[in-house]
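In what follows, a structure is listed as structure tokens, so that the remarks can point back to it.
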Amino acid sequence: MPSHPSNSLLGLNLQELTDLALGSGQPAYRGQQLFDAVYRQRIDRLDQVSTLPLEYRARLVEEGWNVGLPKIARKFVSSDGTMRYLVELSDGETVETVWMPEGDGGEIGDGSEAGDELETVTHPERVVSWHRSTICVSSQVGCAVNCKFCFTALLGVKRNLEAGEIVGQIAAVLRDQGVDPPLQRVNIVFMGMGEPFLNYDNFMKSVRLLVEGVRIPESRMTVSTAGIVPRIRDFGQEAVRPKLAISLNASNDALRSEVMPLNRKWNLAELMNAAREFPLRTRERMTFEYVLIEGVNDAPEHAREVVELVRGMRTRINLIALNPGTELPYRTPEQERVLAFRQILVDAGILAFIRRPRGRDIFAACGQLKRTVEV
Ligand code: SAH
């Protein structure tokens, strides 16, 4: 899967920026200056790098370099405060990025808590005293995985995003919101359009740039995968990595293959083996997401099968009532059914939560990202 070739500084790490400077006969410390300008200051034009001599700025432009900050083409605001950004890349392609702000009680259930062993999550109704926001980023233009309940799947996959295009979504949104980590707390969830583990190297490079450059700690990031088993194993070996969430979404192979055809390639036994062998850090949990679809995977017997699947694991399960849309034949279960499903898990001693939908009214919620421009 190709990604778009680029001459943007966003996406280059400190070493690459240093090599770039050295290649133009500049001292090595210019690399650090570029790195700070791009990731900390989050400039959008090269002439804004005030630490660089004018002629070096001009030379970079002559050589065809640009910052590569993506443009915000459209912005939609939900009644719950969520904002959905349509972000335009240098080749004109668009992806979506979602901003889920603090302070409205939405802290619990935006996905960023995946993997945590936080006490606060056991009291979803409690008003939390700390402030944070979560950005949900896309990793590909469209998606190739073809989950039957997800609207992004309808787009197919166009291309992978470059590391700089993943970081660029975050830089653009932070600029627009006037938010500056690490002083202001920001969580990142790699749960937007695309399958991050099918764009593994660019995804991992973006993680390192976010940690080193934007200064968002890895502990505030969560990546969700549909279940690309070999990459789950690779991911466990990474020195610096976000928390992991796995989209389970069904309790047996027949059902999972029906709603997630990728299960025919890596079935539940293989997936759960990889999950069980995943090297969790102290206090970390393996998160599973389970989208509840009316009459498909939301029966008590399915909940009991889930209990068996995760038996003995240090896990948390995030239940997501299907976010609806018109093009798909699936419906959202009644609240009682969702509560009953959760209760079976809780009674079996499993930490399980119902994720609050964010931004459904502007098509910003899980599975709804399909570049809707009319709301
Ligand atoms: N490709 C990755 C990340 C993007 S999807 C993955 O599959 O995990 C993020 C989450 O949204 C996944 O858990 C997915 O199962 C869920 N999701 C997809 N479509 C949905 C829908 N219509 N309603 C609710 N959740 C959905």
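Each chain of the structure tokens is named A, B, ... in the order shown, its residues numbered from 1; ligands are numbered from 1 in display order.
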- Task: Mind listing the strand (DSSP E) residues of region 147-256 of chain A, per DSSP on the backbone, as a ChimeraX atom specification?
- Result: /A:157-160,186-190,221-225,243-247
Write out, as an mmCIF file, in the first residue's frame, the residues just selected, with N, CA and C atoms.
data_model
loop_
_atom_site.group_PDB
_atom_site.id
_atom_site.type_symbol
_atom_site.label_atom_id
_atom_site.label_comp_id
_atom_site.auth_asym_id
_atom_site.auth_seq_id
_atom_site.Cartn_x
_atom_site.Cartn_y
_atom_site.Cartn_z
ATOM 1 N N VAL A 157 -9.946 1.387 0.826
ATOM 2 C CA VAL A 157 -8.725 2.074 1.260
ATOM 3 C C VAL A 157 -8.086 2.761 0.066
ATOM 4 N N LYS A 158 -7.701 4.029 0.240
ATOM 5 C CA LYS A 158 -7.045 4.762 -0.837
ATOM 6 C C LYS A 158 -5.536 4.692 -0.684
ATOM 7 N N ARG A 159 -5.054 5.023 0.513
ATOM 8 C CA ARG A 159 -3.615 4.944 0.730
ATOM 9 C C ARG A 159 -3.296 5.017 2.226
ATOM 10 N N ASN A 160 -2.064 4.680 2.532
ATOM 11 C CA ASN A 160 -1.569 4.859 3.899
ATOM 12 C C ASN A 160 -1.276 6.329 4.150
ATOM 13 N N VAL A 186 -3.341 16.092 26.957
ATOM 14 C CA VAL A 186 -3.998 15.608 25.741
ATOM 15 C C VAL A 186 -3.786 14.105 25.625
ATOM 16 N N ASN A 187 -4.851 13.395 25.361
ATOM 17 C CA ASN A 187 -4.762 11.964 25.067
ATOM 18 C C ASN A 187 -4.921 11.761 23.570
ATOM 19 N N ILE A 188 -4.260 10.740 23.077
ATOM 20 C CA ILE A 188 -4.391 10.396 21.658
ATOM 21 C C ILE A 188 -4.971 8.998 21.537
ATOM 22 N N VAL A 189 -5.980 8.839 20.721
ATOM 23 C CA VAL A 189 -6.433 7.490 20.383
ATOM 24 C C VAL A 189 -6.308 7.296 18.867
ATOM 25 N N PHE A 190 -5.596 6.240 18.495
ATOM 26 C CA PHE A 190 -5.451 5.883 17.077
ATOM 27 C C PHE A 190 -6.645 4.999 16.733
ATOM 28 N N MET A 221 -1.592 7.451 25.177
ATOM 29 C CA MET A 221 -2.008 7.073 23.820
ATOM 30 C C MET A 221 -2.541 5.648 23.830
ATOM 31 N N THR A 222 -3.550 5.421 23.013
ATOM 32 C CA THR A 222 -4.097 4.076 22.846
ATOM 33 C C THR A 222 -4.282 3.810 21.363
ATOM 34 N N VAL A 223 -3.846 2.628 20.930
ATOM 35 C CA VAL A 223 -4.089 2.234 19.544
ATOM 36 C C VAL A 223 -5.086 1.085 19.558
ATOM 37 N N SER A 224 -5.992 1.120 18.595
ATOM 38 C CA SER A 224 -6.974 0.043 18.475
ATOM 39 C C SER A 224 -6.732 -0.700 17.173
ATOM 40 N N THR A 225 -6.752 -2.040 17.259
ATOM 41 C CA THR A 225 -6.578 -2.839 16.044
ATOM 42 C C THR A 225 -7.749 -3.793 15.877
ATOM 43 N N LYS A 243 -0.919 2.178 24.683
ATOM 44 C CA LYS A 243 -1.685 1.049 25.188
ATOM 45 C C LYS A 243 -2.409 0.404 24.010
ATOM 46 N N LEU A 244 -2.795 -0.858 24.200
ATOM 47 C CA LEU A 244 -3.416 -1.589 23.091
ATOM 48 C C LEU A 244 -4.876 -1.914 23.394
ATOM 49 N N ALA A 245 -5.712 -1.698 22.394
ATOM 50 C CA ALA A 245 -7.105 -2.147 22.457
ATOM 51 C C ALA A 245 -7.350 -3.031 21.235
ATOM 52 N N ILE A 246 -8.064 -4.120 21.440
ATOM 53 C CA ILE A 246 -8.361 -5.045 20.340
ATOM 54 C C ILE A 246 -9.869 -5.051 20.111
ATOM 55 N N SER A 247 -10.264 -4.885 18.856
ATOM 56 C CA SER A 247 -11.695 -4.907 18.520
ATOM 57 C C SER A 247 -12.148 -6.353 18.405
#
Neighbours of ligand 1 within 7 Å, counting only C-alpha atoms and all ligand atoms, as a PDB file with all heavy atoms, in the first residue's frame?
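File result.pdb, as written:
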ATOM      1  N   PHE A 149     -20.057  -3.525  10.019  1.00  0.00           N
ATOM      2  CA  PHE A 149     -20.843  -2.542  10.772  1.00  0.00           C
ATOM      3  C   PHE A 149     -20.188  -1.160  10.751  1.00  0.00           C
ATOM      4  O   PHE A 149     -20.677  -0.225  11.383  1.00  0.00           O
ATOM      5  CB  PHE A 149     -20.955  -3.012  12.227  1.00  0.00           C
ATOM      6  CG  PHE A 149     -19.624  -3.474  12.760  1.00  0.00           C
ATOM      7  CD1 PHE A 149     -18.724  -2.557  13.272  1.00  0.00           C
ATOM      8  CD2 PHE A 149     -19.257  -4.809  12.681  1.00  0.00           C
ATOM      9  CE1 PHE A 149     -17.473  -2.964  13.709  1.00  0.00           C
ATOM     10  CE2 PHE A 149     -17.996  -5.220  13.118  1.00  0.00           C
ATOM     11  CZ  PHE A 149     -17.114  -4.295  13.636  1.00  0.00           C
ATOM     12  N   CYS A 150     -19.063  -1.030  10.054  1.00  0.00           N
ATOM     13  CA  CYS A 150     -18.285   0.220  10.114  1.00  0.00           C
ATOM     14  C   CYS A 150     -18.423   0.996   8.810  1.00  0.00           C
ATOM     15  O   CYS A 150     -18.263   0.438   7.725  1.00  0.00           O
ATOM     16  CB  CYS A 150     -16.814  -0.084  10.383  1.00  0.00           C
ATOM     17  SG  CYS A 150     -15.791   1.403  10.427  1.00  0.00           S
ATOM     18  N   PHE A 151     -18.696   2.280   8.933  1.00  0.00           N
ATOM     19  CA  PHE A 151     -18.929   3.103   7.745  1.00  0.00           C
ATOM     20  C   PHE A 151     -17.654   3.432   6.994  1.00  0.00           C
ATOM     21  O   PHE A 151     -17.687   3.651   5.786  1.00  0.00           O
ATOM     22  CB  PHE A 151     -19.676   4.381   8.137  1.00  0.00           C
ATOM     23  CG  PHE A 151     -21.056   4.065   8.589  1.00  0.00           C
ATOM     24  CD1 PHE A 151     -21.311   3.724   9.901  1.00  0.00           C
ATOM     25  CD2 PHE A 151     -22.098   4.025   7.679  1.00  0.00           C
ATOM     26  CE1 PHE A 151     -22.586   3.374  10.312  1.00  0.00           C
ATOM     27  CE2 PHE A 151     -23.373   3.676   8.081  1.00  0.00           C
ATOM     28  CZ  PHE A 151     -23.614   3.353   9.404  1.00  0.00           C
ATOM     29  N   PHE A 190      -5.596   6.240  18.495  1.00  0.00           N
ATOM     30  CA  PHE A 190      -5.451   5.883  17.077  1.00  0.00           C
ATOM     31  C   PHE A 190      -6.645   4.999  16.733  1.00  0.00           C
ATOM     32  O   PHE A 190      -6.543   3.779  16.643  1.00  0.00           O
ATOM     33  CB  PHE A 190      -4.122   5.161  16.836  1.00  0.00           C
ATOM     34  CG  PHE A 190      -2.913   6.002  17.101  1.00  0.00           C
ATOM     35  CD1 PHE A 190      -2.365   6.085  18.373  1.00  0.00           C
ATOM     36  CD2 PHE A 190      -2.309   6.729  16.080  1.00  0.00           C
ATOM     37  CE1 PHE A 190      -1.242   6.872  18.623  1.00  0.00           C
ATOM     38  CE2 PHE A 190      -1.186   7.515  16.313  1.00  0.00           C
ATOM     39  CZ  PHE A 190      -0.657   7.595  17.594  1.00  0.00           C
ATOM     40  N   MET A 191      -7.794   5.643  16.611  1.00  0.00           N
ATOM     41  CA  MET A 191      -9.052   4.911  16.413  1.00  0.00           C
ATOM     42  C   MET A 191      -9.908   5.568  15.350  1.00  0.00           C
ATOM     43  O   MET A 191     -11.115   5.331  15.274  1.00  0.00           O
ATOM     44  CB  MET A 191      -9.849   4.851  17.728  1.00  0.00           C
ATOM     45  CG  MET A 191      -9.135   4.164  18.867  1.00  0.00           C
ATOM     46  SD  MET A 191     -10.235   3.946  20.273  1.00  0.00           S
ATOM     47  CE  MET A 191      -9.092   3.289  21.500  1.00  0.00           C
ATOM     48  N   GLY A 192      -9.306   6.418  14.534  1.00  0.00           N
ATOM     49  CA  GLY A 192     -10.060   7.073  13.470  1.00  0.00           C
ATOM     50  C   GLY A 192     -10.146   6.178  12.245  1.00  0.00           C
ATOM     51  O   GLY A 192     -10.213   4.950  12.361  1.00  0.00           O
ATOM     52  N   MET A 193     -10.132   6.788  11.068  1.00  0.00           N
ATOM     53  CA  MET A 193     -10.216   6.000   9.846  1.00  0.00           C
ATOM     54  C   MET A 193      -8.961   5.149   9.687  1.00  0.00           C
ATOM     55  O   MET A 193      -7.851   5.604   9.932  1.00  0.00           O
ATOM     56  CB  MET A 193     -10.320   6.943   8.632  1.00  0.00           C
ATOM     57  CG  MET A 193     -11.571   7.796   8.646  1.00  0.00           C
ATOM     58  SD  MET A 193     -11.478   9.127   7.435  1.00  0.00           S
ATOM     59  CE  MET A 193     -11.676   8.210   5.947  1.00  0.00           C
ATOM     60  N   GLY A 194      -9.177   3.913   9.244  1.00  0.00           N
ATOM     61  CA  GLY A 194      -8.039   3.071   8.906  1.00  0.00           C
ATOM     62  C   GLY A 194      -7.675   2.070   9.980  1.00  0.00           C
ATOM     63  O   GLY A 194      -8.180   2.113  11.094  1.00  0.00           O
ATOM     64  N   GLU A 195      -6.786   1.167   9.606  1.00  0.00           N
ATOM     65  CA  GLU A 195      -6.290   0.138  10.517  1.00  0.00           C
ATOM     66  C   GLU A 195      -4.809   0.439  10.777  1.00  0.00           C
ATOM     67  O   GLU A 195      -3.958   0.212   9.914  1.00  0.00           O
ATOM     68  CB  GLU A 195      -6.487  -1.242   9.871  1.00  0.00           C
ATOM     69  CG  GLU A 195      -5.762  -2.381  10.559  1.00  0.00           C
ATOM     70  CD  GLU A 195      -5.983  -2.452  12.070  1.00  0.00           C
ATOM     71  OE1 GLU A 195      -7.136  -2.397  12.524  1.00  0.00           O
ATOM     72  OE2 GLU A 195      -4.983  -2.555  12.804  1.00  0.00           O
ATOM     73  N   PRO A 196      -4.492   0.965  11.959  1.00  0.00           N
ATOM     74  CA  PRO A 196      -3.110   1.382  12.229  1.00  0.00           C
ATOM     75  C   PRO A 196      -2.088   0.269  12.002  1.00  0.00           C
ATOM     76  O   PRO A 196      -0.980   0.531  11.531  1.00  0.00           O
ATOM     77  CB  PRO A 196      -3.141   1.786  13.703  1.00  0.00           C
ATOM     78  CG  PRO A 196      -4.571   1.978  14.060  1.00  0.00           C
ATOM     79  CD  PRO A 196      -5.410   1.228  13.077  1.00  0.00           C
ATOM     80  N   SER A 224      -5.992   1.120  18.595  1.00  0.00           N
ATOM     81  CA  SER A 224      -6.974   0.043  18.475  1.00  0.00           C
ATOM     82  C   SER A 224      -6.732  -0.700  17.173  1.00  0.00           C
ATOM     83  O   SER A 224      -6.528  -0.094  16.125  1.00  0.00           O
ATOM     84  CB  SER A 224      -8.380   0.644  18.489  1.00  0.00           C
ATOM     85  OG  SER A 224      -9.345  -0.369  18.306  1.00  0.00           O
ATOM     86  N   THR A 225      -6.752  -2.040  17.259  1.00  0.00           N
ATOM     87  CA  THR A 225      -6.578  -2.839  16.044  1.00  0.00           C
ATOM     88  C   THR A 225      -7.749  -3.793  15.877  1.00  0.00           C
ATOM     89  O   THR A 225      -8.311  -4.292  16.855  1.00  0.00           O
ATOM     90  CB  THR A 225      -5.264  -3.649  16.064  1.00  0.00           C
ATOM     91  OG1 THR A 225      -5.174  -4.408  14.845  1.00  0.00           O
ATOM     92  CG2 THR A 225      -5.192  -4.609  17.242  1.00  0.00           C
ATOM     93  N   ALA A 226      -8.080  -4.050  14.613  1.00  0.00           N
ATOM     94  CA  ALA A 226      -9.125  -5.023  14.301  1.00  0.00           C
ATOM     95  C   ALA A 226      -8.620  -6.441  14.547  1.00  0.00           C
ATOM     96  O   ALA A 226      -9.409  -7.390  14.532  1.00  0.00           O
ATOM     97  CB  ALA A 226      -9.567  -4.855  12.849  1.00  0.00           C
ATOM     98  N   ILE A 246      -8.064  -4.120  21.440  1.00  0.00           N
ATOM     99  CA  ILE A 246      -8.361  -5.045  20.340  1.00  0.00           C
ATOM    100  C   ILE A 246      -9.869  -5.051  20.111  1.00  0.00           C
ATOM    101  O   ILE A 246     -10.648  -5.195  21.061  1.00  0.00           O
ATOM    102  CB  ILE A 246      -7.857  -6.471  20.674  1.00  0.00           C
ATOM    103  CG1 ILE A 246      -6.331  -6.485  20.788  1.00  0.00           C
ATOM    104  CG2 ILE A 246      -8.337  -7.469  19.620  1.00  0.00           C
ATOM    105  CD1 ILE A 246      -5.737  -7.831  21.206  1.00  0.00           C
ATOM    106  N   SER A 247     -10.264  -4.885  18.856  1.00  0.00           N
ATOM    107  CA  SER A 247     -11.695  -4.907  18.520  1.00  0.00           C
ATOM    108  C   SER A 247     -12.148  -6.353  18.405  1.00  0.00           C
ATOM    109  O   SER A 247     -11.888  -7.017  17.403  1.00  0.00           O
ATOM    110  CB  SER A 247     -11.921  -4.159  17.205  1.00  0.00           C
ATOM    111  OG  SER A 247     -11.581  -2.799  17.365  1.00  0.00           O
ATOM    112  N   ASN A 249     -15.589  -7.712  19.190  1.00  0.00           N
ATOM    113  CA  ASN A 249     -16.845  -7.528  18.439  1.00  0.00           C
ATOM    114  C   ASN A 249     -17.673  -8.775  18.197  1.00  0.00           C
ATOM    115  O   ASN A 249     -18.757  -8.677  17.617  1.00  0.00           O
ATOM    116  CB  ASN A 249     -16.594  -6.834  17.095  1.00  0.00           C
ATOM    117  CG  ASN A 249     -16.085  -5.422  17.276  1.00  0.00           C
ATOM    118  OD1 ASN A 249     -16.233  -4.849  18.353  1.00  0.00           O
ATOM    119  ND2 ASN A 249     -15.485  -4.851  16.254  1.00  0.00           N
ATOM    120  N   GLU A 289     -12.590  -4.108  22.728  1.00  0.00           N
ATOM    121  CA  GLU A 289     -13.791  -3.363  22.386  1.00  0.00           C
ATOM    122  C   GLU A 289     -14.803  -4.337  21.803  1.00  0.00           C
ATOM    123  O   GLU A 289     -14.443  -5.263  21.063  1.00  0.00           O
ATOM    124  CB  GLU A 289     -13.466  -2.285  21.340  1.00  0.00           C
ATOM    125  CG  GLU A 289     -12.590  -1.191  21.905  1.00  0.00           C
ATOM    126  CD  GLU A 289     -11.625  -0.672  20.868  1.00  0.00           C
ATOM    127  OE1 GLU A 289     -10.892  -1.484  20.279  1.00  0.00           O
ATOM    128  OE2 GLU A 289     -11.641   0.534  20.633  1.00  0.00           O
ATOM    129  N   TYR A 290     -16.044  -4.105  22.157  1.00  0.00           N
ATOM    130  CA  TYR A 290     -17.107  -4.984  21.666  1.00  0.00           C
ATOM    131  C   TYR A 290     -18.278  -4.120  21.245  1.00  0.00           C
ATOM    132  O   TYR A 290     -18.946  -3.514  22.063  1.00  0.00           O
ATOM    133  CB  TYR A 290     -17.499  -5.960  22.781  1.00  0.00           C
ATOM    134  CG  TYR A 290     -18.331  -7.150  22.329  1.00  0.00           C
ATOM    135  CD1 TYR A 290     -17.755  -8.408  22.167  1.00  0.00           C
ATOM    136  CD2 TYR A 290     -19.690  -7.018  22.075  1.00  0.00           C
ATOM    137  CE1 TYR A 290     -18.522  -9.501  21.767  1.00  0.00           C
ATOM    138  CE2 TYR A 290     -20.462  -8.105  21.666  1.00  0.00           C
ATOM    139  CZ  TYR A 290     -19.866  -9.338  21.525  1.00  0.00           C
ATOM    140  OH  TYR A 290     -20.620 -10.421  21.121  1.00  0.00           O
ATOM    141  N   VAL A 291     -18.467  -4.016  19.930  1.00  0.00           N
ATOM    142  CA  VAL A 291     -19.583  -3.234  19.385  1.00  0.00           C
ATOM    143  C   VAL A 291     -20.835  -4.099  19.453  1.00  0.00           C
ATOM    144  O   VAL A 291     -20.876  -5.193  18.872  1.00  0.00           O
ATOM    145  CB  VAL A 291     -19.314  -2.830  17.921  1.00  0.00           C
ATOM    146  CG1 VAL A 291     -20.486  -2.027  17.368  1.00  0.00           C
ATOM    147  CG2 VAL A 291     -18.032  -2.036  17.803  1.00  0.00           C
ATOM    148  N   ILE A 320     -19.527  -0.922  23.180  1.00  0.00           N
ATOM    149  CA  ILE A 320     -19.949   0.222  22.370  1.00  0.00           C
ATOM    150  C   ILE A 320     -21.265  -0.156  21.703  1.00  0.00           C
ATOM    151  O   ILE A 320     -21.290  -1.076  20.883  1.00  0.00           O
ATOM    152  CB  ILE A 320     -18.914   0.554  21.270  1.00  0.00           C
ATOM    153  CG1 ILE A 320     -17.478   0.521  21.800  1.00  0.00           C
ATOM    154  CG2 ILE A 320     -19.230   1.889  20.616  1.00  0.00           C
ATOM    155  CD1 ILE A 320     -16.405   0.678  20.720  1.00  0.00           C
ATOM    156  N   ALA A 321     -22.336   0.517  22.069  1.00  0.00           N
ATOM    157  CA  ALA A 321     -23.591   0.272  21.347  1.00  0.00           C
ATOM    158  C   ALA A 321     -23.401   0.805  19.935  1.00  0.00           C
ATOM    159  O   ALA A 321     -22.893   1.916  19.744  1.00  0.00           O
ATOM    160  CB  ALA A 321     -24.750   0.968  22.043  1.00  0.00           C
ATOM    161  N   LEU A 322     -23.763   0.012  18.961  1.00  0.00           N
ATOM    162  CA  LEU A 322     -23.546   0.383  17.564  1.00  0.00           C
ATOM    163  C   LEU A 322     -23.971   1.824  17.284  1.00  0.00           C
ATOM    164  O   LEU A 322     -25.068   2.231  17.647  1.00  0.00           O
ATOM    165  CB  LEU A 322     -24.361  -0.544  16.649  1.00  0.00           C
ATOM    166  CG  LEU A 322     -24.203  -0.248  15.153  1.00  0.00           C
ATOM    167  CD1 LEU A 322     -23.030  -1.003  14.581  1.00  0.00           C
ATOM    168  CD2 LEU A 322     -25.476  -0.592  14.391  1.00  0.00           C
ATOM    169  N   ASN A 323     -23.102   2.562  16.672  1.00  0.00           N
ATOM    170  CA  ASN A 323     -23.484   3.889  16.182  1.00  0.00           C
ATOM    171  C   ASN A 323     -24.116   3.703  14.817  1.00  0.00           C
ATOM    172  O   ASN A 323     -23.498   3.144  13.915  1.00  0.00           O
ATOM    173  CB  ASN A 323     -22.264   4.802  16.103  1.00  0.00           C
ATOM    174  CG  ASN A 323     -21.747   5.152  17.486  1.00  0.00           C
ATOM    175  OD1 ASN A 323     -22.503   5.587  18.347  1.00  0.00           O
ATOM    176  ND2 ASN A 323     -20.460   4.926  17.722  1.00  0.00           N
ATOM    177  N   PRO A 324     -25.339   4.140  14.700  1.00  0.00           N
ATOM    178  CA  PRO A 324     -26.109   3.792  13.500  1.00  0.00           C
ATOM    179  C   PRO A 324     -25.837   4.704  12.319  1.00  0.00           C
ATOM    180  O   PRO A 324     -25.205   5.748  12.438  1.00  0.00           O
ATOM    181  CB  PRO A 324     -27.555   3.944  13.979  1.00  0.00           C
ATOM    182  CG  PRO A 324     -27.483   4.991  15.045  1.00  0.00           C
ATOM    183  CD  PRO A 324     -26.118   4.929  15.665  1.00  0.00           C
ATOM    184  N   CYS A 366     -17.555   6.481  16.890  1.00  0.00           N
ATOM    185  CA  CYS A 366     -16.857   5.273  16.411  1.00  0.00           C
ATOM    186  C   CYS A 366     -17.578   4.672  15.219  1.00  0.00           C
ATOM    187  O   CYS A 366     -18.784   4.441  15.267  1.00  0.00           O
ATOM    188  CB  CYS A 366     -16.854   4.187  17.473  1.00  0.00           C
ATOM    189  SG  CYS A 366     -15.979   4.569  18.954  1.00  0.00           S
ATOM    190  N   GLY A 367     -16.833   4.396  14.189  1.00  0.00           N
ATOM    191  CA  GLY A 367     -17.402   3.700  13.041  1.00  0.00           C
ATOM    192  C   GLY A 367     -18.179   4.597  12.095  1.00  0.00           C
ATOM    193  O   GLY A 367     -18.647   4.153  11.062  1.00  0.00           O
ATOM    194  N   GLN A 368     -18.320   5.868  12.447  1.00  0.00           N
ATOM    195  CA  GLN A 368     -19.112   6.770  11.596  1.00  0.00           C
ATOM    196  C   GLN A 368     -18.261   7.632  10.672  1.00  0.00           C
ATOM    197  O   GLN A 368     -18.792   8.480   9.956  1.00  0.00           O
ATOM    198  CB  GLN A 368     -19.974   7.693  12.465  1.00  0.00           C
ATOM    199  CG  GLN A 368     -21.088   6.964  13.201  1.00  0.00           C
ATOM    200  CD  GLN A 368     -22.032   7.934  13.877  1.00  0.00           C
ATOM    201  OE1 GLN A 368     -21.601   8.875  14.529  1.00  0.00           O
ATOM    202  NE2 GLN A 368     -23.319   7.722  13.719  1.00  0.00           N
TER     203      GLN A 368
END
Closest atom pairs, residues of region 284-373 of chain A within 12 Å of region 252-255 of chain A, only C-alpha atoms, as a tab-separated table:
residue	atom	partner	partner_atom	distance
A:Ile293	CA	A:Leu255	CA	11.4
A:Gly295	CA	A:Leu255	CA	11.6
A:Val296	CA	A:Leu255	CA	8.0
A:Asn297	CA	A:Leu255	CA	7.4
A:Asp298	CA	A:Leu255	CA	11.2
A:Glu301	CA	A:Asn252	CA	10.6
A:His302	CA	A:Asn252	CA	8.0
A:Ala303	CA	A:Asn252	CA	10.6
A:Arg304	CA	A:Asn252	CA	10.8
A:Glu305	CA	A:Asn252	CA	7.2
A:Val306	CA	A:Asn252	CA	8.3
A:Val307	CA	A:Asn252	CA	11.5
A:Glu308	CA	A:Asn252	CA	10.4
A:Leu309	CA	A:Asn252	CA	8.8
Can you write out the residues you just picked, keeping C-alpha atoms, as a PDB file, in the first residue's frame?
ATOM      1  CA  ILE A 293     -25.315  -4.999  17.301  1.00  0.00           C
ATOM      2  CA  GLY A 295     -29.935  -9.309  17.315  1.00  0.00           C
ATOM      3  CA  VAL A 296     -26.457 -10.194  16.052  1.00  0.00           C
ATOM      4  CA  ASN A 297     -23.945 -10.352  18.916  1.00  0.00           C
ATOM      5  CA  ASP A 298     -25.797  -8.859  21.890  1.00  0.00           C
ATOM      6  CA  GLU A 301     -25.108 -16.307  25.490  1.00  0.00           C
ATOM      7  CA  HIS A 302     -22.649 -14.093  23.609  1.00  0.00           C
ATOM      8  CA  ALA A 303     -21.704 -12.354  26.835  1.00  0.00           C
ATOM      9  CA  ARG A 304     -21.086 -15.741  28.423  1.00  0.00           C
ATOM     10  CA  GLU A 305     -18.851 -16.732  25.493  1.00  0.00           C
ATOM     11  CA  VAL A 306     -16.877 -13.513  25.989  1.00  0.00           C
ATOM     12  CA  VAL A 307     -16.389 -14.437  29.642  1.00  0.00           C
ATOM     13  CA  GLU A 308     -14.824 -17.725  28.532  1.00  0.00           C
ATOM     14  CA  LEU A 309     -12.630 -16.045  25.911  1.00  0.00           C
TER      15      LEU A 309
END
- Based on DSSP run over this structure's backbone, return all residues of region 253-350 of chain A in alpha helix (DSSP H), as a ChimeraX atom specification. /A:253-259,268-277,300-309,335-347
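Every protein, DNA or RNA residue with an atom at most 10 Å from Ser206 (chain A), where only C-alpha atoms count and chain neighbours fewer than 3 positions away do not, is listed here: Leu10, Gly11, Leu12, Asn13, Ser139, Glu162, Ala163, Gly164, Glu165, Ile166, Val167, Gly168, Tyr200, Asp201, Asn202, Phe203, Leu209, Leu210, Val211, Glu212 and Gly213 of chain A.
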- Message: Restricting the calculation to only C-alpha atoms: of A:Thr94, A:Asn273, A:Ser112, A:Asn318, which residue gets closest to Gly142 (chain A)?
- Response: A:Thr94
- Long-range neighbours of region 82-89 of chain A as a ChimeraX atom specification, 10 Å cut-off, only C-alpha atoms, 6 positions minimum in chain: /A:4,68-76,95-102,104,106,133-136,138,141,161,165,168-169,172-173,358-365,369,371-373
- Query: Which of these, A:Val259, A:Ala275, A:Leu328, A:Ile354, has the shortest distance to Ala340 (chain A) once you count only C-alpha atoms?
  - Reply: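 Ranked by minimum distance to Ala340 (chain A), first place goes to A:Ile354.
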- Task: Write out as number ranges by chain which residues come within 7 Å of Gly115 (chain A) when counting only C-alpha atoms, dropping same-chain ones fewer than 3 positions away.
- Result: A: 243-244, 284-287, 316
Those selected residues, please, written with N, CA and C atoms and delivered as an mmCIF file, in the first residue's frame.
data_model
loop_
_atom_site.group_PDB
_atom_site.id
_atom_site.type_symbol
_atom_site.label_atom_id
_atom_site.label_comp_id
_atom_site.auth_asym_id
_atom_site.auth_seq_id
_atom_site.Cartn_x
_atom_site.Cartn_y
_atom_site.Cartn_z
ATOM 1 N N LYS A 243 -0.919 2.178 24.683
ATOM 2 C CA LYS A 243 -1.685 1.049 25.188
ATOM 3 C C LYS A 243 -2.409 0.404 24.010
ATOM 4 N N LEU A 244 -2.795 -0.858 24.200
ATOM 5 C CA LEU A 244 -3.416 -1.589 23.091
ATOM 6 C C LEU A 244 -4.876 -1.914 23.394
ATOM 7 N N GLU A 284 -1.010 -2.312 33.623
ATOM 8 C CA GLU A 284 -1.687 -2.170 32.331
ATOM 9 C C GLU A 284 -2.680 -3.319 32.145
ATOM 10 N N ARG A 285 -3.760 -3.031 31.448
ATOM 11 C CA ARG A 285 -4.725 -4.067 31.107
ATOM 12 C C ARG A 285 -4.848 -4.200 29.609
ATOM 13 N N MET A 286 -5.237 -5.383 29.165
ATOM 14 C CA MET A 286 -5.547 -5.581 27.754
ATOM 15 C C MET A 286 -7.006 -5.166 27.557
ATOM 16 N N THR A 287 -7.215 -4.194 26.695
ATOM 17 C CA THR A 287 -8.588 -3.744 26.447
ATOM 18 C C THR A 287 -9.177 -4.454 25.230
ATOM 19 N N ARG A 316 -9.873 -5.297 30.353
ATOM 20 C CA ARG A 316 -11.080 -4.495 30.518
ATOM 21 C C ARG A 316 -11.834 -4.554 29.197
#
- CA of Asn7 (chain A) to CA of Arg45 (chain A): how many Å, to one decimal?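 Computing the Euclidean distance for CA of Asn7 (chain A) and CA of Arg45 (chain A) yields 13.4 Å.
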- So, counting only C-alpha atoms, which residue among A:Asp110, A:Gly349, A:Pro242, A:Arg220 is closest to Leu319 (chain A)? A:Asp110
Neighbour list for Asp180 (chain A) as an mmCIF file with C-alpha atoms, in the first residue's frame, cut-off 9 Å, only C-alpha atoms, skip fewer than 5 positions in-chain:
data_model
loop_
_atom_site.group_PDB
_atom_site.id
_atom_site.type_symbol
_atom_site.label_atom_id
_atom_site.label_comp_id
_atom_site.auth_asym_id
_atom_site.auth_seq_id
_atom_site.Cartn_x
_atom_site.Cartn_y
_atom_site.Cartn_z
ATOM 1 C CA ARG A 40 6.742 22.023 19.668
ATOM 2 C CA GLN A 41 5.867 25.358 18.134
ATOM 3 C CA LEU A 174 -3.853 21.515 18.685
ATOM 4 C CA ARG A 175 -3.279 24.765 16.798
ATOM 5 C CA ARG A 185 -3.178 17.271 29.034
ATOM 6 C CA VAL A 186 -3.998 15.608 25.741
ATOM 7 C CA VAL A 214 4.968 17.104 20.643
#
